[in-house]
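**Q** Sharing structure05.pdb here; it has PDB, C-alpha atoms, pLDDT in the B column.
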ATOM      1  CA  MET W   1     -41.157-109.474  36.100  1.00 43.00           C
ATOM      2  CA  THR W   2     -41.113-112.985  34.682  1.00 46.00           C
ATOM      3  CA  ALA W   3     -39.658-116.114  36.104  1.00 47.00           C
ATOM      4  CA  GLU W   4     -37.557-118.307  33.932  1.00 51.00           C
ATOM      5  CA  SER W   5     -37.504-122.024  34.467  1.00 49.00           C
ATOM      6  CA  VAL W   6     -34.056-123.280  35.187  1.00 51.00           C
ATOM      7  CA  GLU W   7     -33.118-126.822  34.354  1.00 59.00           C
ATOM      8  CA  HIS W   8     -30.761-128.569  36.717  1.00 61.00           C
ATOM      9  CA  HIS W   9     -28.805-131.453  35.315  1.00 65.00           C
ATOM     10  CA  VAL W  10     -27.284-133.731  37.909  1.00 66.00           C
ATOM     11  CA  GLN W  11     -24.923-136.317  36.544  1.00 71.00           C
ATOM     12  CA  TRP W  12     -25.127-139.340  38.855  1.00 68.00           C
ATOM     13  CA  PRO W  13     -22.457-142.004  38.484  1.00 69.00           C
ATOM     14  CA  VAL W  14     -23.687-145.254  36.988  1.00 78.00           C
ATOM     15  CA  PRO W  15     -22.443-148.155  39.123  1.00 82.00           C
ATOM     16  CA  PRO W  16     -20.588-151.041  37.518  1.00 88.00           C
ATOM     17  CA  LEU W  17     -22.548-154.251  37.026  1.00 89.00           C
ATOM     18  CA  ASP W  18     -20.844-155.906  40.017  1.00 90.00           C
ATOM     19  CA  GLY W  19     -20.931-152.757  42.151  1.00 93.00           C
ATOM     20  CA  TYR W  20     -18.180-150.438  43.269  1.00 96.00           C
ATOM     21  CA  THR W  21     -14.957-151.510  44.975  1.00 96.00           C
ATOM     22  CA  VAL W  22     -12.815-149.748  47.567  1.00 96.00           C
ATOM     23  CA  ASP W  23     -10.497-148.720  44.739  1.00 95.00           C
ATOM     24  CA  ASP W  24     -13.436-146.848  43.185  1.00 94.00           C
ATOM     25  CA  LEU W  25     -14.253-145.252  46.548  1.00 94.00           C
ATOM     26  CA  PHE W  26     -10.809-143.632  46.607  1.00 93.00           C
ATOM     27  CA  THR W  27     -10.595-142.694  42.912  1.00 92.00           C
ATOM     28  CA  LEU W  28     -14.078-141.548  41.820  1.00 91.00           C
ATOM     29  CA  PRO W  29     -14.011-137.767  41.419  1.00 88.00           C
ATOM     30  CA  ASP W  30     -16.241-135.364  43.349  1.00 86.00           C
ATOM     31  CA  LEU W  31     -17.758-137.790  45.850  1.00 89.00           C
ATOM     32  CA  PRO W  32     -19.334-135.983  48.812  1.00 90.00           C
ATOM     33  CA  PRO W  33     -17.329-136.022  52.058  1.00 90.00           C
ATOM     34  CA  HIS W  34     -17.747-139.133  54.226  1.00 92.00           C
ATOM     35  CA  THR W  35     -19.089-141.317  51.408  1.00 94.00           C
ATOM     36  CA  GLU W  36     -19.059-144.967  52.489  1.00 95.00           C
ATOM     37  CA  LEU W  37     -19.005-148.217  50.522  1.00 96.00           C
ATOM     38  CA  ILE W  38     -21.412-150.902  51.752  1.00 96.00           C
ATOM     39  CA  ASP W  39     -21.839-154.095  49.721  1.00 96.00           C
ATOM     40  CA  GLY W  40     -20.523-152.398  46.597  1.00 95.00           C
ATOM     41  CA  SER W  41     -22.941-149.446  46.872  1.00 94.00           C
ATOM     42  CA  LEU W  42     -21.992-145.870  47.608  1.00 94.00           C
ATOM     43  CA  VAL W  43     -23.730-144.457  50.685  1.00 93.00           C
ATOM     44  CA  PHE W  44     -23.930-140.679  51.019  1.00 90.00           C
ATOM     45  CA  VAL W  45     -24.122-139.257  54.518  1.00 86.00           C
ATOM     46  CA  SER W  46     -26.793-136.756  55.547  1.00 85.00           C
ATOM     47  CA  PRO W  47     -25.819-133.510  57.309  1.00 86.00           C
ATOM     48  CA  ARG W  48     -24.691-134.167  60.883  1.00 84.00           C
ATOM     49  CA  ARG W  49     -26.901-133.241  63.829  1.00 89.00           C
ATOM     50  CA  ARG W  50     -25.578-131.431  66.903  1.00 91.00           C
ATOM     51  CA  PHE W  51     -25.820-134.529  69.128  1.00 93.00           C
ATOM     52  CA  HIS W  52     -23.748-136.503  66.631  1.00 94.00           C
ATOM     53  CA  GLY W  53     -20.958-133.932  66.359  1.00 95.00           C
ATOM     54  CA  ASN W  54     -20.806-133.285  70.100  1.00 95.00           C
ATOM     55  CA  MET W  55     -20.749-136.998  70.883  1.00 97.00           C
ATOM     56  CA  VAL W  56     -17.906-137.639  68.427  1.00 97.00           C
ATOM     57  CA  ASP W  57     -15.932-134.737  69.950  1.00 97.00           C
ATOM     58  CA  LEU W  58     -16.547-136.027  73.489  1.00 97.00           C
ATOM     59  CA  LEU W  59     -15.489-139.583  72.616  1.00 98.00           C
ATOM     60  CA  VAL W  60     -12.342-138.556  70.731  1.00 98.00           C
ATOM     61  CA  PHE W  61     -11.231-136.335  73.620  1.00 97.00           C
ATOM     62  CA  GLY W  62     -12.212-138.940  76.239  1.00 98.00           C
ATOM     63  CA  LEU W  63     -10.448-141.805  74.487  1.00 98.00           C
ATOM     64  CA  ARG W  64      -7.273-139.762  74.035  1.00 97.00           C
ATOM     65  CA  SER W  65      -7.202-138.592  77.654  1.00 96.00           C
ATOM     66  CA  SER W  66      -7.989-141.976  79.257  1.00 92.00           C
ATOM     67  CA  GLY W  67      -4.340-143.006  79.355  1.00 93.00           C
ATOM     68  CA  LEU W  68      -4.161-143.949  75.677  1.00 96.00           C
ATOM     69  CA  PRO W  69      -1.252-146.411  75.294  1.00 97.00           C
ATOM     70  CA  ALA W  70       1.534-145.337  72.932  1.00 97.00           C
ATOM     71  CA  GLU W  71       0.769-148.274  70.625  1.00 97.00           C
ATOM     72  CA  PHE W  72      -2.784-146.962  69.950  1.00 98.00           C
ATOM     73  CA  ARG W  73      -4.210-143.861  68.259  1.00 98.00           C
ATOM     74  CA  VAL W  74      -7.734-142.407  68.082  1.00 98.00           C
ATOM     75  CA  ASN W  75      -9.130-141.165  64.778  1.00 96.00           C
ATOM     76  CA  ARG W  76     -12.453-139.820  63.631  1.00 96.00           C
ATOM     77  CA  GLU W  77     -14.251-140.465  60.347  1.00 96.00           C
ATOM     78  CA  MET W  78     -11.638-142.528  58.499  1.00 97.00           C
ATOM     79  CA  THR W  79     -12.527-145.298  56.064  1.00 98.00           C
ATOM     80  CA  VAL W  80     -11.857-148.838  57.251  1.00 98.00           C
ATOM     81  CA  VAL W  81     -11.313-151.319  54.423  1.00 98.00           C
ATOM     82  CA  LEU W  82     -13.114-154.501  55.448  1.00 98.00           C
ATOM     83  CA  ASP W  83     -12.903-156.216  52.065  1.00 97.00           C
ATOM     84  CA  ARG W  84     -13.001-155.386  48.352  1.00 96.00           C
ATOM     85  CA  ARG W  85     -16.663-154.224  48.437  1.00 97.00           C
ATOM     86  CA  ASN W  86     -16.916-152.667  51.913  1.00 98.00           C
ATOM     87  CA  GLY W  87     -15.302-149.467  53.132  1.00 98.00           C
ATOM     88  CA  PRO W  88     -17.423-148.003  55.938  1.00 98.00           C
ATOM     89  CA  GLU W  89     -16.352-144.967  57.900  1.00 97.00           C
ATOM     90  CA  PRO W  90     -16.779-145.377  61.671  1.00 98.00           C
ATOM     91  CA  ASP W  91     -17.427-142.138  63.509  1.00 97.00           C
ATOM     92  CA  VAL W  92     -14.506-142.914  65.836  1.00 98.00           C
ATOM     93  CA  SER W  93     -11.838-145.628  65.694  1.00 98.00           C
ATOM     94  CA  VAL W  94      -9.041-146.791  67.949  1.00 98.00           C
ATOM     95  CA  ILE W  95      -6.264-148.114  65.732  1.00 98.00           C
ATOM     96  CA  ARG W  96      -2.745-149.492  66.081  1.00 98.00           C
ATOM     97  CA  THR W  97      -0.108-146.749  65.892  1.00 98.00           C
ATOM     98  CA  ASP W  98       1.949-148.779  63.428  1.00 97.00           C
ATOM     99  CA  ALA W  99      -0.987-148.664  60.972  1.00 97.00           C
ATOM    100  CA  ILE W 100      -0.349-144.962  60.382  1.00 97.00           C
ATOM    101  CA  THR W 101       1.546-144.346  57.156  1.00 96.00           C
ATOM    102  CA  GLY W 102       1.487-140.551  56.946  1.00 94.00           C
ATOM    103  CA  PRO W 103      -0.625-137.411  56.574  1.00 94.00           C
ATOM    104  CA  GLU W 104      -1.999-138.394  53.154  1.00 94.00           C
ATOM    105  CA  GLN W 105      -3.459-141.675  54.441  1.00 96.00           C
ATOM    106  CA  THR W 106      -7.182-142.134  53.670  1.00 94.00           C
ATOM    107  CA  SER W 107      -7.981-145.520  55.212  1.00 97.00           C
ATOM    108  CA  TYR W 108      -7.041-148.285  57.620  1.00 98.00           C
ATOM    109  CA  ARG W 109      -7.314-152.048  57.291  1.00 98.00           C
ATOM    110  CA  ALA W 110      -9.793-153.879  59.512  1.00 98.00           C
ATOM    111  CA  ASN W 111      -7.039-155.807  61.305  1.00 97.00           C
ATOM    112  CA  ASP W 112      -5.525-152.497  62.478  1.00 98.00           C
ATOM    113  CA  VAL W 113      -8.758-151.398  64.204  1.00 98.00           C
ATOM    114  CA  LEU W 114      -9.286-152.315  67.873  1.00 98.00           C
ATOM    115  CA  LEU W 115     -12.509-150.367  68.448  1.00 98.00           C
ATOM    116  CA  ALA W 116     -15.089-149.009  65.997  1.00 98.00           C
ATOM    117  CA  ILE W 117     -17.734-146.569  67.245  1.00 98.00           C
ATOM    118  CA  GLU W 118     -20.914-145.523  65.481  1.00 98.00           C
ATOM    119  CA  VAL W 119     -23.097-142.652  66.693  1.00 97.00           C
ATOM    120  CA  VAL W 120     -26.600-143.478  65.469  1.00 96.00           C
ATOM    121  CA  SER W 121     -28.474-140.874  63.423  1.00 91.00           C
ATOM    122  CA  PRO W 122     -32.074-141.218  62.230  1.00 89.00           C
ATOM    123  CA  GLU W 123     -30.959-141.779  58.628  1.00 88.00           C
ATOM    124  CA  SER W 124     -28.344-144.369  59.586  1.00 90.00           C
ATOM    125  CA  GLU W 125     -30.206-146.414  62.220  1.00 93.00           C
ATOM    126  CA  SER W 126     -30.343-149.663  60.267  1.00 93.00           C
ATOM    127  CA  ARG W 127     -26.729-149.425  59.090  1.00 95.00           C
ATOM    128  CA  ASP W 128     -25.403-148.521  62.565  1.00 95.00           C
ATOM    129  CA  ARG W 129     -27.473-151.101  64.461  1.00 95.00           C
ATOM    130  CA  THR W 130     -27.246-154.107  62.147  1.00 96.00           C
ATOM    131  CA  THR W 131     -25.296-153.784  58.891  1.00 97.00           C
ATOM    132  CA  LYS W 132     -22.064-152.226  60.155  1.00 98.00           C
ATOM    133  CA  PRO W 133     -21.729-154.231  63.393  1.00 98.00           C
ATOM    134  CA  HIS W 134     -22.248-157.450  61.437  1.00 98.00           C
ATOM    135  CA  LYS W 135     -19.553-156.455  58.944  1.00 98.00           C
ATOM    136  CA  TYR W 136     -17.130-155.196  61.625  1.00 98.00           C
ATOM    137  CA  ALA W 137     -17.495-158.476  63.516  1.00 98.00           C
ATOM    138  CA  ALA W 138     -17.021-160.582  60.380  1.00 97.00           C
ATOM    139  CA  ALA W 139     -13.843-158.599  59.658  1.00 98.00           C
ATOM    140  CA  GLY W 140     -12.528-159.371  63.164  1.00 98.00           C
ATOM    141  CA  ILE W 141     -12.681-155.926  64.801  1.00 98.00           C
ATOM    142  CA  PRO W 142     -12.622-156.920  68.490  1.00 98.00           C
ATOM    143  CA  ASN W 143     -14.683-154.085  70.015  1.00 98.00           C
ATOM    144  CA  PHE W 144     -17.713-152.091  68.871  1.00 98.00           C
ATOM    145  CA  TRP W 145     -19.653-149.299  70.582  1.00 98.00           C
ATOM    146  CA  ARG W 146     -23.060-148.109  69.414  1.00 98.00           C
ATOM    147  CA  VAL W 147     -24.003-144.671  70.736  1.00 98.00           C
ATOM    148  CA  GLU W 148     -27.619-143.534  70.791  1.00 96.00           C
ATOM    149  CA  ALA W 149     -29.559-140.610  72.200  1.00 94.00           C
ATOM    150  CA  SER W 150     -31.886-141.771  74.955  1.00 89.00           C
ATOM    151  CA  GLY W 151     -35.552-141.541  73.968  1.00 77.00           C
ATOM    152  CA  THR W 152     -36.519-139.789  77.189  1.00 75.00           C
ATOM    153  CA  ASP W 153     -33.999-136.988  77.622  1.00 83.00           C
ATOM    154  CA  GLY W 154     -31.667-137.187  74.623  1.00 84.00           C
ATOM    155  CA  ARG W 155     -28.705-138.123  76.825  1.00 92.00           C
ATOM    156  CA  PRO W 156     -26.128-140.538  75.379  1.00 96.00           C
ATOM    157  CA  VAL W 157     -26.391-144.277  75.895  1.00 97.00           C
ATOM    158  CA  ILE W 158     -23.423-146.433  74.847  1.00 98.00           C
ATOM    159  CA  HIS W 159     -23.894-150.109  74.041  1.00 98.00           C
ATOM    160  CA  VAL W 160     -20.595-151.981  74.385  1.00 98.00           C
ATOM    161  CA  LEU W 161     -20.092-155.115  72.316  1.00 98.00           C
ATOM    162  CA  GLU W 162     -17.148-157.524  72.188  1.00 98.00           C
ATOM    163  CA  LEU W 163     -16.270-160.008  69.495  1.00 98.00           C
ATOM    164  CA  ASP W 164     -16.828-163.698  70.173  1.00 97.00           C
ATOM    165  CA  PRO W 165     -13.909-165.244  68.248  1.00 92.00           C
ATOM    166  CA  LEU W 166     -15.738-168.540  67.752  1.00 94.00           C
ATOM    167  CA  THR W 167     -18.897-167.165  66.169  1.00 95.00           C
ATOM    168  CA  ARG W 168     -17.337-163.976  64.701  1.00 95.00           C
ATOM    169  CA  ALA W 169     -20.345-162.105  66.138  1.00 97.00           C
ATOM    170  CA  TYR W 170     -20.606-159.418  68.787  1.00 98.00           C
ATOM    171  CA  ILE W 171     -21.849-160.087  72.310  1.00 98.00           C
ATOM    172  CA  HIS W 172     -23.501-157.218  74.187  1.00 98.00           C
ATOM    173  CA  THR W 173     -21.427-156.729  77.355  1.00 97.00           C
ATOM    174  CA  GLY W 174     -22.823-153.508  78.796  1.00 97.00           C
ATOM    175  CA  MET W 175     -24.915-150.397  78.501  1.00 97.00           C
ATOM    176  CA  HIS W 176     -23.545-147.112  79.878  1.00 97.00           C
ATOM    177  CA  HIS W 177     -25.459-143.902  80.624  1.00 95.00           C
ATOM    178  CA  ASP W 178     -23.627-141.226  82.644  1.00 95.00           C
ATOM    179  CA  ARG W 179     -20.138-142.711  82.500  1.00 97.00           C
ATOM    180  CA  ILE W 180     -18.416-145.379  80.439  1.00 98.00           C
ATOM    181  CA  LYS W 181     -15.735-147.294  82.296  1.00 97.00           C
ATOM    182  CA  VAL W 182     -14.315-150.338  80.497  1.00 98.00           C
ATOM    183  CA  ASP W 183     -10.993-152.141  80.206  1.00 97.00           C
ATOM    184  CA  LYS W 184     -11.035-153.033  76.497  1.00 96.00           C
ATOM    185  CA  PRO W 185      -9.260-152.240  74.241  1.00 97.00           C
ATOM    186  CA  TYR W 186      -7.503-150.410  77.130  1.00 97.00           C
ATOM    187  CA  SER W 187      -8.575-148.819  80.410  1.00 97.00           C
ATOM    188  CA  ILE W 188     -11.141-146.161  79.458  1.00 98.00           C
ATOM    189  CA  ASP W 189     -13.136-143.841  81.717  1.00 98.00           C
ATOM    190  CA  ILE W 190     -15.274-141.110  80.100  1.00 98.00           C
ATOM    191  CA  ASP W 191     -17.816-138.847  81.796  1.00 97.00           C
ATOM    192  CA  LEU W 192     -20.730-138.829  79.355  1.00 97.00           C
ATOM    193  CA  THR W 193     -22.514-136.006  81.190  1.00 95.00           C
ATOM    194  CA  ALA W 194     -19.779-133.698  79.873  1.00 94.00           C
ATOM    195  CA  ILE W 195     -21.760-133.566  76.605  1.00 92.00           C
ATOM    196  CA  ASP W 196     -23.900-130.920  78.345  1.00 86.00           C
ATOM    197  CA  GLU W 197     -20.894-128.579  78.297  1.00 87.00           C
ATOM    198  CA  LEU W 198     -20.323-128.821  74.545  1.00 78.00           C
TER     199      LEU W 198
END
Could you write out this file's structure as structure tokens?
**A**
Amino acid sequence: MTAESVEHHVQWPVPPLDGYTVDDLFTLPDLPPHTELIDGSLVFVSPRRRFHGNMVDLLVFGLRSSGLPAEFRVNREMTVVLDRRNGPEPDVSVIRTDAITGPEQTSYRANDVLLAIEVVSPESESRDRTTKPHKYAAAGIPNFWRVEASGTDGRPVIHVLELDPLTRAYIHTGMHHDRIKVDKPYSIDIDLTAIDEL
């Protein structure tokens, strides 16, 4: 029995001189799911870990069942167009109901987002802790949550940040372990220990 060498040819897209735009993000063929645009560069997402998926599920359910006002909706993994060269995809977003245009919609504008949530993964730590919050704040998104697994027991920790309108930067307003109870962008109460049941 002999082994034949097989050549694999991967055709990577060559970025334009000035980088990609959000128009490219929505029109380039065959991009992997959940591709993001950060500073004109395409960012491909690694496979999701169990903590990440369970946390997103818990937050989506919790946000929807915390007395979600009729003028708001909760979505997962939808592109938010911040500007021409930035189209990140928050893990969870609370948006204005009137921003929804139909089932074929692929993105929201930054001014329609009231809360952006990122669940930190090892491969996205820098983007989720610094790059994305900075860009969300500059775009005027009023609330941001960063979710991390605690180093000791892997339980969720949620860092709540609110936009300072004068500096267009986020201010850390709380850190939540077993339960998150806040009043912005609406009255929210989520039992974080419920992740153990997922």
**Q** Give as a list in words the residues that the PyMOL selection byres ((chain W and resi 42) around 10) matches when applied to the coordinates above.
**A** Pro13, Pro15, Gly19, Tyr20, Thr21, Val22, Asp24, Leu25, Leu31, Thr35, Glu36, Leu37, Ile38, Asp39, Gly40, Ser41, Val43, Phe44, Val45, Arg85, Asn86, Gly87 and Pro88 of chain W
**Q** With C-alpha atoms retained, could you export that selection as a JSON list (two decimals), keeping the file's coordinate frame?
**A**
[["chain", "number", "residue", "atom", "x", "y", "z"],
["W", 13, "PRO", "CA", -22.46, -142.00, 38.48],
["W", 15, "PRO", "CA", -22.44, -148.16, 39.12],
["W", 19, "GLY", "CA", -20.93, -152.76, 42.15],
["W", 20, "TYR", "CA", -18.18, -150.44, 43.27],
["W", 21, "THR", "CA", -14.96, -151.51, 44.98],
["W", 22, "VAL", "CA", -12.82, -149.75, 47.57],
["W", 24, "ASP", "CA", -13.44, -146.85, 43.18],
["W", 25, "LEU", "CA", -14.25, -145.25, 46.55],
["W", 31, "LEU", "CA", -17.76, -137.79, 45.85],
["W", 35, "THR", "CA", -19.09, -141.32, 51.41],
["W", 36, "GLU", "CA", -19.06, -144.97, 52.49],
["W", 37, "LEU", "CA", -19.00, -148.22, 50.52],
["W", 38, "ILE", "CA", -21.41, -150.90, 51.75],
["W", 39, "ASP", "CA", -21.84, -154.10, 49.72],
["W", 40, "GLY", "CA", -20.52, -152.40, 46.60],
["W", 41, "SER", "CA", -22.94, -149.45, 46.87],
["W", 43, "VAL", "CA", -23.73, -144.46, 50.68],
["W", 44, "PHE", "CA", -23.93, -140.68, 51.02],
["W", 45, "VAL", "CA", -24.12, -139.26, 54.52],
["W", 85, "ARG", "CA", -16.66, -154.22, 48.44],
["W", 86, "ASN", "CA", -16.92, -152.67, 51.91],
["W", 87, "GLY", "CA", -15.30, -149.47, 53.13],
["W", 88, "PRO", "CA", -17.42, -148.00, 55.94]]
**Q** Starting from the shown file, work through the PyMOL selection byres ((chain W and resi 175) around 9) and note down what comes out as an mmCIF file with C-alpha atoms, in the frame of the given file.
**A**
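Final output, result24.cif:
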data_model
loop_
_atom_site.group_PDB
_atom_site.id
_atom_site.type_symbol
_atom_site.label_atom_id
_atom_site.label_comp_id
_atom_site.auth_asym_id
_atom_site.auth_seq_id
_atom_site.Cartn_x
_atom_site.Cartn_y
_atom_site.Cartn_z
ATOM 1 C CA VAL W 157 -26.391 -144.277 75.895
ATOM 2 C CA ILE W 158 -23.423 -146.433 74.847
ATOM 3 C CA HIS W 159 -23.894 -150.109 74.041
ATOM 4 C CA VAL W 160 -20.595 -151.981 74.385
ATOM 5 C CA HIS W 172 -23.501 -157.218 74.187
ATOM 6 C CA THR W 173 -21.427 -156.729 77.355
ATOM 7 C CA GLY W 174 -22.823 -153.508 78.796
ATOM 8 C CA HIS W 176 -23.545 -147.112 79.878
ATOM 9 C CA HIS W 177 -25.459 -143.902 80.624
ATOM 10 C CA ILE W 180 -18.416 -145.379 80.439
#
**Q** I would like the residues chosen by the PyMOL selection byres ((chain W and resi 119) around 6) on the shown file; could you give them as an NGL selection string?
**A** :W and (118 or 120 or 147)
**Q** Provide the CA of Ile141 in chain W to CA of Phe51 in chain W distance in Å, to one decimal place.
**A**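 Calculated distance between CA of Ile141 in chain W and CA of Phe51 in chain W is 25.5 Å.
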**Q** Expressed in Å to a single decimal, how great is the separation between CA of Glu77 in chain W and CA of Ile171 in chain W?
**A**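 Separation between CA of Glu77 in chain W and CA of Ile171 in chain W: 24.2 Å.
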**Q** With distances taken over all atoms listed in the file, which residue among W:Met78, W:Val56, W:Asp18, W:Phe61 lies nearest Asp189 in chain W?
**A** W:Phe61
**Q** Just to confirm, what's the straight-line distance from CA of Thr193 in chain W to CA of Arg179 in chain W in Å (one decimal)?
**A**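 One can read the CA of Thr193 in chain W to CA of Arg179 in chain W distance as 7.2 Å.
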**Q** What box, with edges along x, y and z, holds each listed atom of range 65-74 of chain W when 3 Å is added on every side, and can you state its centre and edge lengths in Å to one decimal, as JSON?
**A**
{"center_x": -3.2, "center_y": -143.4, "center_z": 73.7, "size_x": 15.5, "size_y": 15.7, "size_z": 17.3}
**Q** May I have the protein, DNA and RNA residues with any atom at most 12 Å from the point (-28.4, -141.4, 62.8), counting all atoms listed in the file, written as a list in words?
**A**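 Counting all atoms listed in the file, I find these residues within 12 Å of (-28.4, -141.4, 62.8): Val45, Ser46, Pro47, Arg48, Arg49, Arg50, Phe51, His52, Gly53, Met55, Asp91, Glu118, Val119, Val120, Ser121, Pro122, Glu123, Ser124, Glu125, Ser126, Arg127, Asp128, Arg129, Arg146, Val147, Glu148 and Ala149 of chain W.
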**Q** From the options W:Gly151, W:Pro185, W:Gly140, W:Pro16, which residue's atoms come nearest to Val81 in chain W, counting all atoms listed in the file?
**A**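 Closest to Val81 in chain W, using all atoms listed in the file: W:Gly140.
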**Q** Taking only C-alpha atoms into account, which of W:Gly102, W:Gly154, W:Pro69, W:Pro133 comes nearest Lys184 in chain W?
**A**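 Nearest to Lys184 in chain W: W:Pro69.
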